[in-house]
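Source file: structure-v3.cif (mmCIF, C-alpha atoms)
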```cif
data_target
#
loop_
_atom_site.label_atom_id
_atom_site.label_comp_id
_atom_site.auth_asym_id
_atom_site.auth_seq_id
_atom_site.Cartn_x
_atom_site.Cartn_y
_atom_site.Cartn_z
CA MET A 10 0.00 0.00 0.00
CA SER A 11 2.63 2.48 1.01
CA THR A 12 4.84 1.59 -1.96
CA GLU A 13 1.84 2.30 -4.19
CA ILE A 14 1.51 5.75 -2.62
CA LEU A 15 5.25 6.33 -2.97
CA LEU A 16 5.29 5.36 -6.65
CA GLY A 17 2.10 7.25 -7.39
CA VAL A 18 3.46 10.50 -5.97
CA ALA A 19 6.86 9.90 -7.61
CA LYS A 20 5.14 9.82 -11.01
CA GLY A 21 4.82 13.59 -10.73
CA ILE A 22 8.56 14.24 -10.37
CA PRO A 23 9.31 14.63 -14.13
CA LEU A 24 6.64 17.29 -14.61
CA THR A 25 7.65 19.17 -11.45
CA LEU A 26 11.21 19.26 -12.79
CA ALA A 27 10.05 20.19 -16.30
CA VAL A 28 7.97 23.15 -15.06
CA THR A 29 10.81 24.35 -12.82
CA VAL A 30 13.53 24.07 -15.48
CA ALA A 31 11.42 25.60 -18.27
CA ALA A 32 10.30 28.56 -16.13
CA PHE A 33 13.84 29.06 -14.86
CA VAL A 34 15.49 29.05 -18.31
CA PHE A 35 12.80 31.37 -19.67
CA GLY A 36 13.15 33.76 -16.73
CA ALA A 37 16.95 33.70 -16.51
CA ALA A 38 17.20 34.59 -20.21
CA LEU A 39 14.55 37.33 -20.08
CA GLY A 40 16.13 38.72 -16.90
CA LEU A 41 19.30 39.78 -18.75
CA PRO A 42 17.78 42.37 -21.12
CA LEU A 43 15.56 43.49 -18.24
CA CYS A 44 18.62 44.11 -16.07
CA MET A 45 20.30 46.05 -18.89
CA MET A 46 17.15 48.17 -19.21
CA ARG A 47 17.28 48.88 -15.46
CA LEU A 48 20.81 50.24 -15.89
CA SER A 49 20.16 52.03 -19.18
CA ARG A 50 21.02 55.66 -19.88
CA PHE A 51 17.47 56.27 -21.05
CA ALA A 52 15.02 57.17 -18.30
CA LEU A 53 12.07 55.63 -20.18
CA LEU A 54 13.72 52.19 -20.37
CA ARG A 55 14.70 52.38 -16.70
CA PHE A 56 11.16 53.31 -15.77
CA VAL A 57 9.60 50.48 -17.81
CA ALA A 58 11.96 47.90 -16.31
CA LEU A 59 11.38 49.16 -12.76
CA GLY A 60 7.61 49.04 -13.32
CA TYR A 61 7.87 45.49 -14.64
CA VAL A 62 9.89 44.33 -11.63
CA ILE A 63 7.59 45.93 -9.06
CA LEU A 64 4.41 44.74 -10.80
CA PHE A 65 5.47 41.12 -11.25
CA ARG A 66 6.71 40.93 -7.67
CA SER A 67 3.42 42.32 -6.35
CA VAL A 68 0.94 39.91 -7.91
CA PRO A 69 0.60 36.43 -6.38
CA PRO A 70 2.13 33.76 -8.69
CA LEU A 71 -1.06 31.68 -8.50
CA LEU A 72 -3.18 34.61 -9.68
CA LEU A 73 -0.75 35.44 -12.49
CA VAL A 74 -0.84 31.84 -13.72
CA PHE A 75 -4.65 32.05 -13.65
CA VAL A 76 -4.57 35.30 -15.62
CA PHE A 77 -2.58 33.58 -18.37
CA TYR A 78 -4.22 30.16 -18.35
CA PHE A 79 -7.87 31.12 -17.76
CA GLY A 80 -7.73 34.78 -18.81
CA LEU A 81 -5.53 34.83 -21.91
CA GLY A 82 -6.24 31.16 -22.58
CA SER A 83 -9.99 31.62 -22.89
CA GLY A 84 -10.32 33.02 -26.37
CA TYR A 85 -7.34 35.34 -26.72
CA LEU A 86 -4.38 32.98 -26.91
CA PRO A 87 -5.22 29.32 -26.26
CA MET A 88 -2.49 27.53 -24.33
CA SER A 89 -1.92 24.29 -22.47
CA ALA A 90 -1.78 24.22 -18.67
CA PHE A 91 1.97 23.56 -18.90
CA GLN A 92 2.52 26.58 -21.14
CA GLY A 93 0.37 28.73 -18.86
CA VAL A 94 2.31 27.91 -15.71
CA VAL A 95 5.71 28.26 -17.45
CA LEU A 96 4.69 31.65 -18.84
CA GLY A 97 3.41 32.89 -15.46
CA LEU A 98 6.32 31.63 -13.36
CA GLY A 99 8.84 32.53 -16.08
CA LEU A 100 7.79 36.18 -16.15
CA ILE A 101 8.05 36.37 -12.34
CA THR A 102 11.45 34.67 -12.50
CA ALA A 103 12.61 37.28 -15.02
CA ALA A 104 11.75 40.09 -12.59
CA ASN A 105 13.61 38.40 -9.73
CA MET A 106 16.60 37.29 -11.82
CA SER A 107 17.08 40.82 -13.18
CA GLU A 108 17.42 42.01 -9.58
CA ILE A 109 19.91 39.22 -8.84
CA TYR A 110 21.98 40.19 -11.90
CA ARG A 111 21.86 43.84 -10.88
CA GLY A 112 23.09 43.02 -7.37
CA SER A 113 25.87 40.84 -8.76
CA LEU A 114 26.99 43.48 -11.25
CA SER A 115 27.72 45.86 -8.39
CA ALA A 116 30.00 43.19 -6.91
CA ILE A 117 32.22 43.18 -10.02
CA HIS A 118 35.17 45.49 -9.53
CA GLU A 119 35.13 48.88 -11.27
CA GLY A 120 38.67 48.16 -12.50
CA GLN A 121 37.38 45.43 -14.79
CA TRP A 122 35.42 48.02 -16.79
CA GLU A 123 38.31 50.50 -16.74
CA ALA A 124 40.81 47.85 -17.87
CA SER A 125 38.51 46.86 -20.73
CA THR A 126 38.31 50.47 -21.85
CA ALA A 127 42.07 50.90 -21.47
CA LEU A 128 42.63 47.83 -23.67
CA ALA A 129 40.20 49.34 -26.20
CA LEU A 130 38.02 46.22 -26.13
CA PRO A 131 34.79 46.63 -28.09
CA ILE A 132 31.62 46.90 -25.95
CA ARG A 133 30.43 43.49 -27.12
CA SER A 134 33.65 41.83 -26.04
CA THR A 135 33.68 43.68 -22.72
CA TYR A 136 30.26 42.31 -21.89
CA LEU A 137 30.65 38.79 -23.31
CA ASP A 138 34.27 38.00 -22.43
CA ILE A 139 34.96 40.05 -19.31
CA ILE A 140 31.77 40.83 -17.42
CA ALA A 141 29.38 37.96 -18.24
CA PRO A 142 31.61 35.10 -17.03
CA GLN A 143 32.26 36.87 -13.72
CA LEU A 144 28.62 37.84 -13.41
CA LEU A 145 27.61 34.17 -13.67
CA ARG A 146 30.04 33.19 -10.93
CA VAL A 147 29.07 35.98 -8.53
CA SER A 148 25.33 35.45 -8.97
CA LEU A 149 25.49 31.67 -8.57
CA PRO A 150 24.57 31.41 -4.85
CA SER A 151 21.52 33.70 -5.12
CA THR A 152 20.51 32.04 -8.38
CA ALA A 153 20.64 28.59 -6.80
CA GLY A 154 18.63 29.84 -3.85
CA TYR A 155 16.06 31.26 -6.22
CA ALA A 156 15.91 28.02 -8.22
CA VAL A 157 15.11 26.07 -5.05
CA GLY A 158 12.34 28.57 -4.29
CA LEU A 159 11.02 28.19 -7.83
CA LEU A 160 10.91 24.41 -7.43
CA LYS A 161 8.50 24.87 -4.52
CA GLU A 162 6.57 27.58 -6.34
CA SER A 163 6.06 25.15 -9.24
CA ALA A 164 3.58 23.29 -7.03
CA ILE A 165 0.93 25.81 -8.13
CA ALA A 166 0.94 24.03 -11.52
CA SER A 167 -1.18 21.38 -9.79
CA THR A 168 -4.06 23.85 -9.39
CA ILE A 169 -4.57 24.06 -13.17
CA GLY A 170 -4.19 20.34 -13.73
CA VAL A 171 -0.52 19.79 -14.53
CA THR A 172 0.13 16.30 -13.13
CA ASP A 173 3.13 17.18 -10.98
CA ILE A 174 4.06 15.90 -7.50
CA THR A 175 1.39 17.94 -5.70
CA PHE A 176 -1.34 17.03 -8.21
CA ASN A 177 -0.62 13.31 -7.88
CA ALA A 178 -0.51 13.61 -4.09
CA GLY A 179 -3.93 15.30 -4.07
CA TYR A 180 -5.35 12.64 -6.38
CA ILE A 181 -4.04 9.75 -4.29
CA ALA A 182 -5.13 11.43 -1.05
CA ARG A 183 -8.70 11.61 -2.36
CA MET A 184 -8.61 8.00 -3.59
CA THR A 185 -7.17 6.46 -0.41
CA TYR A 186 -8.39 8.89 2.29
CA GLN A 187 -4.82 8.85 3.61
CA GLY A 188 -3.90 12.47 3.22
CA LEU A 189 -1.42 12.50 6.08
CA PRO A 190 1.24 10.12 4.71
CA VAL A 191 0.59 11.13 1.10
CA PHE A 192 1.26 14.84 1.57
CA ALA A 193 4.15 14.09 3.94
CA ILE A 194 5.73 12.03 1.15
CA ALA A 195 5.10 14.83 -1.35
CA ALA A 196 6.83 17.32 0.98
CA LEU A 197 9.74 14.89 1.37
CA PHE A 198 10.17 14.64 -2.40
CA TYR A 199 10.46 18.42 -2.73
CA ILE A 200 13.03 18.53 0.07
CA MET A 201 14.97 15.65 -1.47
CA ILE A 202 15.12 17.40 -4.86
CA SER A 203 16.21 20.74 -3.38
CA LEU A 204 19.02 19.30 -1.22
CA PRO A 205 21.32 18.29 -4.11
CA ILE A 206 20.72 21.64 -5.89
CA ALA A 207 21.82 23.52 -2.77
CA ALA A 208 24.82 21.22 -2.21
CA LEU A 209 25.93 21.45 -5.85
CA ALA A 210 25.69 25.24 -5.77
CA ARG A 211 27.84 25.39 -2.63
CA VAL A 212 30.59 23.29 -4.22
CA ALA A 213 30.45 25.18 -7.53
CA ASP A 214 30.51 28.52 -5.71
CA LYS A 215 33.68 27.60 -3.82
CA LYS A 216 35.47 26.56 -7.02
CA LEU A 217 34.27 29.48 -9.17
CA ARG A 218 34.70 32.21 -6.59
CA ALA A 219 38.45 31.77 -6.84
CA ARG A 220 38.20 32.91 -10.47
CA VAL A 221 36.54 36.28 -9.90
CA ALA A 222 38.96 39.21 -10.05
CA LEU A 223 38.96 41.45 -7.01
CA MET B 194 -14.22 46.56 -23.42
CA ASN B 195 -17.86 47.60 -23.42
CA GLY B 196 -19.31 47.30 -19.94
CA LEU B 197 -15.95 46.53 -18.35
CA LEU B 198 -16.40 49.20 -15.68
CA ASP B 199 -19.96 48.06 -14.94
CA PHE B 200 -18.75 44.47 -14.61
CA TRP B 201 -15.95 45.57 -12.28
CA ILE B 202 -18.28 47.68 -10.16
CA ASP B 203 -20.79 44.80 -9.93
CA SER B 204 -18.22 42.27 -8.82
CA LEU B 205 -16.13 44.55 -6.60
CA PRO B 206 -18.12 43.87 -3.38
CA GLN B 207 -17.57 40.12 -3.68
CA LEU B 208 -13.86 40.63 -4.36
CA LEU B 209 -13.56 42.98 -1.39
CA ASP B 210 -15.20 40.33 0.83
CA GLY B 211 -12.51 37.96 -0.41
CA LEU B 212 -9.78 40.53 0.22
CA VAL B 213 -10.95 40.86 3.83
CA ILE B 214 -10.56 37.10 4.31
CA SER B 215 -7.14 37.19 2.59
CA LEU B 216 -6.06 39.92 5.01
CA GLN B 217 -7.47 38.04 8.00
CA VAL B 218 -5.58 34.86 7.08
CA THR B 219 -2.41 36.85 6.45
CA GLY B 220 -2.78 38.77 9.72
CA ALA B 221 -3.42 35.64 11.76
CA ALA B 222 -0.53 33.78 10.11
CA LEU B 223 1.85 36.69 10.80
CA GLY B 224 0.50 37.19 14.33
CA ILE B 225 1.23 33.58 15.21
CA GLY B 226 4.15 33.04 12.85
CA ILE B 227 6.45 35.94 13.78
CA PRO B 228 6.52 35.18 17.54
CA LEU B 229 7.01 31.54 16.53
CA GLY B 230 9.88 32.67 14.31
CA LEU B 231 11.52 34.50 17.22
CA PHE B 232 11.11 31.38 19.34
CA LEU B 233 12.58 29.19 16.57
CA ALA B 234 15.48 31.61 16.02
CA LEU B 235 16.40 31.22 19.70
CA GLY B 236 15.86 27.45 19.42
CA VAL B 237 18.16 27.03 16.43
CA GLN B 238 20.95 28.76 18.39
CA SER B 239 20.09 27.05 21.67
CA LYS B 240 22.43 24.57 23.35
CA ASN B 241 19.45 22.72 24.81
CA ARG B 242 19.48 19.58 22.59
CA PRO B 243 15.73 18.68 22.37
CA PHE B 244 14.65 22.34 21.94
CA ASN B 245 17.36 22.77 19.29
CA LEU B 246 16.39 19.62 17.34
CA ILE B 247 12.65 20.39 17.37
CA SER B 248 13.33 23.95 16.18
CA LEU B 249 15.60 22.73 13.39
CA PHE B 250 12.97 20.20 12.29
CA ILE B 251 10.17 22.79 12.17
CA VAL B 252 12.36 25.28 10.30
CA GLU B 253 13.71 22.79 7.75
CA ILE B 254 10.29 21.33 6.89
CA GLY B 255 8.70 24.78 6.78
CA ARG B 256 11.37 26.07 4.40
CA GLY B 257 11.81 22.90 2.39
CA ALA B 258 8.22 21.96 1.60
CA PRO B 259 6.02 24.06 -0.71
CA ALA B 260 3.40 26.08 1.19
CA LEU B 261 0.76 24.57 -1.09
CA VAL B 262 1.68 21.05 0.07
CA VAL B 263 1.70 22.02 3.77
CA LEU B 264 -1.67 23.68 3.23
CA GLN B 265 -3.21 20.54 1.76
CA PHE B 266 -1.46 18.43 4.40
CA ALA B 267 -3.27 20.46 7.06
CA TYR B 268 -6.65 20.46 5.31
CA PHE B 269 -6.83 17.03 3.66
CA GLY B 270 -4.21 15.18 5.71
CA LEU B 271 -4.86 15.98 9.36
CA PRO B 272 -8.48 14.70 9.28
CA SER B 273 -7.15 11.17 8.70
CA ALA B 274 -5.32 11.59 12.01
CA GLY B 275 -8.60 12.60 13.66
CA LEU B 276 -8.03 16.35 13.61
CA THR B 277 -10.45 18.12 11.30
CA LEU B 278 -9.76 21.81 10.72
CA THR B 279 -11.94 24.36 8.96
CA SER B 280 -10.35 25.73 5.82
CA PHE B 281 -9.59 28.98 7.67
CA ALA B 282 -7.87 27.17 10.55
CA ALA B 283 -5.93 24.96 8.14
CA ALA B 284 -4.82 28.03 6.19
CA VAL B 285 -3.62 29.78 9.36
CA PHE B 286 -1.87 26.62 10.55
CA ALA B 287 0.04 26.14 7.29
CA LEU B 288 0.90 29.79 6.63
CA ALA B 289 1.93 30.36 10.27
CA TRP B 290 4.29 27.38 10.00
CA ASN B 291 5.68 28.84 6.78
CA THR B 292 6.01 32.28 8.38
CA GLY B 293 7.71 30.88 11.48
CA ALA B 294 10.26 28.95 9.44
CA TYR B 295 11.19 31.86 7.15
CA THR B 296 11.09 34.66 9.72
CA SER B 297 13.26 32.62 12.10
CA GLU B 298 16.09 33.04 9.56
CA ILE B 299 15.38 36.77 9.17
CA ILE B 300 15.23 37.27 12.94
CA ARG B 301 18.34 35.15 13.53
CA ALA B 302 20.29 37.39 11.15
CA GLY B 303 18.92 40.42 13.03
CA LEU B 304 19.90 39.02 16.44
CA GLU B 305 23.38 38.13 15.19
CA SER B 306 23.87 41.70 13.99
CA VAL B 307 23.86 42.94 17.59
CA PRO B 308 27.54 43.65 18.40
CA PHE B 309 29.20 41.26 20.84
CA GLY B 310 30.31 44.21 22.99
CA GLU B 311 26.67 44.79 23.93
CA ILE B 312 26.45 41.26 25.33
CA GLU B 313 29.75 41.66 27.17
CA ALA B 314 28.61 44.95 28.63
CA SER B 315 25.37 43.32 29.81
CA SER B 316 27.19 40.56 31.62
CA ALA B 317 29.66 43.09 33.05
CA MET B 318 26.65 44.87 34.53
CA GLY B 319 25.51 41.62 36.08
CA MET B 320 22.49 41.00 33.85
CA VAL B 321 21.33 37.40 33.59
CA ARG B 322 21.00 35.72 30.18
CA THR B 323 17.21 36.14 29.89
CA ASP B 324 17.40 39.84 30.77
CA THR B 325 20.18 40.33 28.22
CA LEU B 326 17.94 38.74 25.59
CA ARG B 327 14.85 40.66 26.55
CA PHE B 328 16.28 44.15 27.08
CA VAL B 329 19.41 44.20 24.90
CA ILE B 330 19.48 41.66 22.06
CA ILE B 331 15.83 41.25 20.99
CA PRO B 332 14.87 44.97 20.82
CA GLN B 333 17.93 45.82 18.71
CA GLY B 334 17.79 42.65 16.63
CA LEU B 335 14.13 43.08 15.73
CA ARG B 336 14.75 46.66 14.62
CA VAL B 337 17.37 45.43 12.16
CA ALA B 338 15.02 42.69 10.96
CA ALA B 339 12.03 45.04 10.51
CA PRO B 340 12.36 45.85 6.77
CA ALA B 341 12.86 42.20 5.84
CA LEU B 342 9.89 41.22 8.01
CA LEU B 343 7.68 43.79 6.28
CA GLY B 344 8.84 42.47 2.92
CA PHE B 345 7.97 38.98 4.06
CA ALA B 346 4.51 40.16 5.12
CA THR B 347 3.71 41.19 1.54
CA GLN B 348 4.88 37.78 0.35
CA MET B 349 2.56 36.18 2.90
CA LEU B 350 -0.40 38.14 1.50
CA GLN B 351 0.49 36.73 -1.90
CA ALA B 352 0.87 33.23 -0.44
CA SER B 353 -2.64 33.49 1.01
CA SER B 354 -3.87 33.12 -2.60
CA LEU B 355 -2.81 29.46 -2.35
CA CYS B 356 -5.83 28.94 -0.07
CA PHE B 357 -7.73 28.65 -3.35
CA ALA B 358 -6.69 24.98 -3.21
CA ILE B 359 -8.58 24.37 0.05
CA ALA B 360 -11.72 26.24 -0.98
CA LEU B 361 -11.29 29.21 1.35
CA PRO B 362 -13.33 32.06 -0.15
CA GLU B 363 -10.46 34.56 -0.29
CA LEU B 364 -9.67 37.04 -3.06
CA THR B 365 -8.29 34.64 -5.69
CA SER B 366 -11.01 32.01 -5.08
CA ASN B 367 -13.75 34.63 -5.35
CA ALA B 368 -12.31 36.04 -8.56
CA TYR B 369 -12.11 32.54 -10.00
CA MET B 370 -15.71 31.80 -8.96
CA ILE B 371 -16.96 34.95 -10.69
CA GLY B 372 -14.92 33.90 -13.72
CA THR B 373 -16.55 30.47 -13.91
CA THR B 374 -20.06 31.93 -13.85
CA SER B 375 -19.49 34.93 -16.14
CA PHE B 376 -16.73 33.48 -18.38
CA ARG B 377 -15.03 36.88 -18.14
CA TYR B 378 -11.86 35.46 -16.60
CA MET B 379 -9.48 38.06 -17.99
CA GLU B 380 -11.44 41.02 -16.64
CA ILE B 381 -12.11 39.64 -13.17
CA LEU B 382 -8.65 38.13 -12.61
CA SER B 383 -7.06 41.43 -13.69
CA LEU B 384 -9.18 43.29 -11.14
CA ALA B 385 -8.04 40.86 -8.44
CA GLY B 386 -4.45 41.47 -9.54
CA ILE B 387 -4.97 45.22 -9.25
CA LEU B 388 -6.29 44.76 -5.70
CA TYR B 389 -3.23 42.70 -4.68
CA ALA B 390 -0.91 45.21 -6.34
CA ALA B 391 -2.69 48.12 -4.63
CA ILE B 392 -1.49 46.69 -1.31
CA CYS B 393 1.83 45.14 -2.28
CA VAL B 394 3.30 47.93 -4.44
CA PRO B 395 3.14 50.64 -1.70
CA ALA B 396 4.41 48.08 0.82
CA THR B 397 7.36 47.19 -1.44
CA ILE B 398 8.23 50.87 -1.82
CA ALA B 399 7.95 51.31 1.96
CA VAL B 400 10.40 48.45 2.49
CA GLY B 401 12.90 50.20 0.24
CA VAL B 402 12.54 53.49 2.14
CA LEU B 403 12.81 51.71 5.49
CA GLU B 404 15.98 49.90 4.40
CA GLN B 405 17.56 53.16 3.29
CA ARG B 406 16.76 54.87 6.59
CA LEU B 407 18.13 51.97 8.57
CA GLY B 408 21.25 51.96 6.42
CA LYS B 409 21.89 55.57 7.42
CA HIS B 410 21.71 54.67 11.10
CA ALA B 411 24.11 51.77 10.64
CA GLN B 412 26.75 54.20 9.41
#
```
Can you turn what I pasted into structure tokens?
Amino acid sequence: MSTEILLGVAKGIPLTLAVTVAAFVFGAALGLPLCMMRLSRFALLRFVALGYVILFRSVPPLLLVFVFYFGLGSGYLPMSAFQGVVLGLGLITAANMSEIYRGSLSAIHEGQWEASTALALPIRSTYLDIIAPQLLRVSLPSTAGYAVGLLKESAIASTIGVTDITFNAGYIARMTYQGLPVFAIAALFYIMISLPIAALARVADKKLRARVAL
Amino acid sequence: MNGLLDFWIDSLPQLLDGLVISLQVTGAALGIGIPLGLFLALGVQSKNRPFNLISLFIVEIGRGAPALVVLQFAYFGLPSAGLTLTSFAAAVFALAWNTGAYTSEIIRAGLESVPFGEIEASSAMGMVRTDTLRFVIIPQGLRVAAPALLGFATQMLQASSLCFAIALPELTSNAYMIGTTSFRYMEILSLAGILYAAICVPATIAVGVLEQRLGKHAQ
């Protein structure tokens, strides 16, 4: 009986991971231009980016996913539940990642920019070869922390019918009337997935930190 | 767009009823959770083994498990152990646990920011450990933690939307219900979003101002 519960809940692991990874990749990529807009010379771009960040951090993720899946999805732009949750969580991730990038940029030494100018490196090369690699290393701990948070946030996919860990747990709990062990197992799965991410990030941070110029 | 304003005005009372419940859940969760967080912060640092282990357990589960899972654990799970909670009580239980776990980390950082000289001075003046905590460490530590705690409070209001899953008639649930009967999901969910933002945006700005002011004092 308990192995059945265990296997049933475990069936949701691939979709939980898929939602998390897809939303993270989407958000981490979109966060870069957003961060550059925040630091732009043009006040309008700065204002738009700031508005985006404040707005997407002020609306509950669940409601935002509903706005896309039920709101946009009903007639305007039909989408699957998976697409809806990735879009909603991805846009929130972009807002948060842009702030993480911005914080990390301030940790990169001024001299790196000055040296690039002194060496007459083109702007493109300064960003891609000098700043970006260091930015990745500096932002790694906060990024990993955010990814773990996103993994837990991904549970809201279950409310619109994506068959992830939480959805399967709810289904089995209703079938067996054994909510206590079922949801405890679901919680355990989330913790077990997040532990290796945190451990990996710690090890990677130690190794990469040595390669950031001070 | 025709009739959008009329639709909004018609459904606003029901959304505001939901918002009141959202705020009540959030308030209760913070009211129980923040003192719990202070307690847990002391427990995690405590040398008393059982107190320390229990605190660590509560904090690690509360931070490691999704709030949505803890919520359903409380509402659908506890009845099979003979403890049936109303959806409101289950929501407060789960969100207070979540609050306690997260704020314990915020408060711990605040308590640790109190300079060691203050503690030395207290013992030099013959204060016992509990008095040092109560009159020296906690008042200063909480002041440092205040902006982060306020920021967390806005996150808790957003987390209260998860109570949709346990059929608590809060703001998100009510908006969804109106959507299912009117099929005007986009309009009603946007209005709910505006209501959340109307509270969270000023609060976020206030956190920024508070942090800046506190930063000045630190220097």
Requested in this report: Show me as a ChimeraX atom specification the residues that reach within 12 Å of (-7.3, 30.1, -16.4), counting only C-alpha atoms and using the file's own coordinates.
Outcome: /A:71-94,97,166,168-170 /B:365,368-370,372-373,376-383
Report as a tab-separated table: every residue of chain A with an atom at most 8 Å from chain B, its closest pair of atoms, and their distance in Å to one decimal, counting all atoms listed in the file, with rows sorted by chain and ascending residue number.
```
residue	atom	partner	partner_atom	distance
A:Ile63	CA	B:Val394	CA	6.6
A:Leu64	CA	B:Ala390	CA	7.0
A:Ser67	CA	B:Cys393	CA	5.2
A:Val68	CA	B:Ala390	CA	5.8
A:Pro69	CA	B:Gln351	CA	4.5
A:Pro70	CA	B:Gln351	CA	7.6
A:Leu71	CA	B:Ser354	CA	6.7
A:Leu72	CA	B:Thr365	CA	6.5
A:Leu73	CA	B:Gly386	CA	7.7
A:Phe75	CA	B:Leu382	CA	7.4
A:Val76	CA	B:Leu382	CA	5.8
A:Phe79	CA	B:Tyr378	CA	6.0
A:Gly80	CA	B:Met379	CA	3.8
A:Leu81	CA	B:Met379	CA	6.4
A:Ser83	CA	B:Tyr378	CA	7.6
A:Lys161	CA	B:Pro259	CA	4.6
A:Glu162	CA	B:Pro259	CA	6.7
A:Ala164	CA	B:Leu261	CA	6.7
A:Ile165	CA	B:Leu261	CA	7.2
A:Thr168	CA	B:Ala358	CA	6.8
A:Thr175	CA	B:Val262	CA	6.6
A:Gly179	CA	B:Gln265	CA	7.9
A:Ala182	CA	B:Phe269	CA	7.5
A:Tyr186	CA	B:Ser273	CA	6.9
A:Gln187	CA	B:Ser273	CA	6.1
A:Gly188	CA	B:Gly270	CA	3.7
A:Leu189	CA	B:Gly270	CA	3.9
A:Pro190	CA	B:Gly270	CA	7.5
A:Val191	CA	B:Gly270	CA	7.8
A:Phe192	CA	B:Phe266	CA	5.3
A:Ala193	CA	B:Phe266	CA	7.1
A:Ala195	CA	B:Val262	CA	7.2
A:Ala196	CA	B:Ala258	CA	4.9
A:Leu197	CA	B:Ala258	CA	7.2
A:Tyr199	CA	B:Ala258	CA	6.0
A:Ile200	CA	B:Gly257	CA	5.1
A:Ser203	CA	B:Gly257	CA	7.6
```
Using all atoms listed in the file, determine which residues lie at most 12 Å from Leu59 of chain A, disregarding the query and same-chain residues fewer than 4 positions distant; provide the list as a short mmCIF file (atom, residue, chain, number, x, y, z; two decimals) with C-alpha atoms, keeping the file's coordinate frame.
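out-v2.cif was written with the following content:
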```cif
data_model
loop_
_atom_site.label_atom_id
_atom_site.label_comp_id
_atom_site.auth_asym_id
_atom_site.auth_seq_id
_atom_site.Cartn_x
_atom_site.Cartn_y
_atom_site.Cartn_z
CA LEU A 43 15.56 43.49 -18.24
CA CYS A 44 18.62 44.11 -16.07
CA MET A 45 20.30 46.05 -18.89
CA MET A 46 17.15 48.17 -19.21
CA ARG A 47 17.28 48.88 -15.46
CA LEU A 48 20.81 50.24 -15.89
CA SER A 49 20.16 52.03 -19.18
CA ALA A 52 15.02 57.17 -18.30
CA LEU A 53 12.07 55.63 -20.18
CA LEU A 54 13.72 52.19 -20.37
CA ARG A 55 14.70 52.38 -16.70
CA ILE A 63 7.59 45.93 -9.06
CA LEU A 64 4.41 44.74 -10.80
CA PHE A 65 5.47 41.12 -11.25
CA ARG A 66 6.71 40.93 -7.67
CA ALA A 104 11.75 40.09 -12.59
CA ASN A 105 13.61 38.40 -9.73
CA SER A 107 17.08 40.82 -13.18
CA GLU A 108 17.42 42.01 -9.58
CA ARG A 111 21.86 43.84 -10.88
CA VAL B 394 3.30 47.93 -4.44
CA ILE B 398 8.23 50.87 -1.82
#
```
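In this structure, atom CA of Ser280 of chain B sits 23.2 Å away from atom CA of Val252 of chain B.
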**Report entry** Two-atom distance - atom CA of Gly154 of chain A, atom CA of Val212 of chain A (Å)
**Finding:**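 According to the coordinates, atom CA of Gly154 of chain A and atom CA of Val212 of chain A are separated by 13.6 Å.
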Query raised in the report: Hey, what comes out of the PyMOL selection byres ((chain A and resi 141-148) around 9) on this file? Could you write it as a list in words?
Result: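 What the PyMOL selection byres ((chain A and resi 141-148) around 9) grabs from the file is Ile109, Tyr110, Gly112, Ser113, Leu114, Ala116, Ile117, Thr135, Tyr136, Leu137, Asp138, Ile139, Ile140, Leu149, Pro150, Ser151, Thr152, Ala153, Ala213, Asp214, Leu217, Arg218, Arg220, Val221 and Ala222 of chain A.
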I want to know what sits within 12 Å of Arg336 of chain B, based on only C-alpha atoms, with residues of the same chain fewer than 6 positions away left out; could you give that as a compact mmCIF listing (two decimals) with C-alpha atoms, in the coordinates of the input?
```txt
# COMPACT_ATOMS: atom_id res chain seq x y z
CA ILE B 299 15.38 36.77 9.17
CA ILE B 300 15.23 37.27 12.94
CA ALA B 302 20.29 37.39 11.15
CA GLY B 303 18.92 40.42 13.03
CA LEU B 304 19.90 39.02 16.44
CA SER B 306 23.87 41.70 13.99
CA VAL B 307 23.86 42.94 17.59
CA VAL B 329 19.41 44.20 24.90
CA ILE B 330 19.48 41.66 22.06
CA LEU B 342 9.89 41.22 8.01
CA LEU B 343 7.68 43.79 6.28
CA LEU B 403 12.81 51.71 5.49
CA GLU B 404 15.98 49.90 4.40
CA ARG B 406 16.76 54.87 6.59
CA LEU B 407 18.13 51.97 8.57
CA GLY B 408 21.25 51.96 6.42
CA HIS B 410 21.71 54.67 11.10
CA ALA B 411 24.11 51.77 10.64
```
Requested in this report: Point out the residue among B:Leu335, B:Ala360, B:Ala284, B:Ile371 with the least atom-to-atom distance to Val218 of chain B, counting all atoms listed in the file.
Outcome: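 For Val218 of chain B, the nearest of the candidates is B:Ala284.
Taking atom CA of Ala27 of chain A and atom CA of Ile206 of chain A as endpoints, the distance between them is 15.0 Å.
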Query raised in the report: Where does the PyMOL selection byres ((chain B and resi 325) around 10) land in this file, that is, which residues does it pick, as a list in words?
Result: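 Checking the PyMOL selection byres ((chain B and resi 325) around 10) against this file, the residues are Glu311, Ile312, Glu313, Ala314, Ser315, Ser316, Gly319, Met320, Val321, Arg322, Thr323, Asp324, Leu326, Arg327, Phe328, Val329, Ile330 and Ile331 of chain B.
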Report task. For segment 226-235 of chain B, list every protein, DNA or RNA residue within 10 Å, evaluated using all atoms listed in the file, and leave out those in the same chain fewer than 3 positions away; present the list as a PyMOL selection string. Result -> chain B and resi 219-223+238-240+244-245+247-252+285-304+326+331+335+342+346
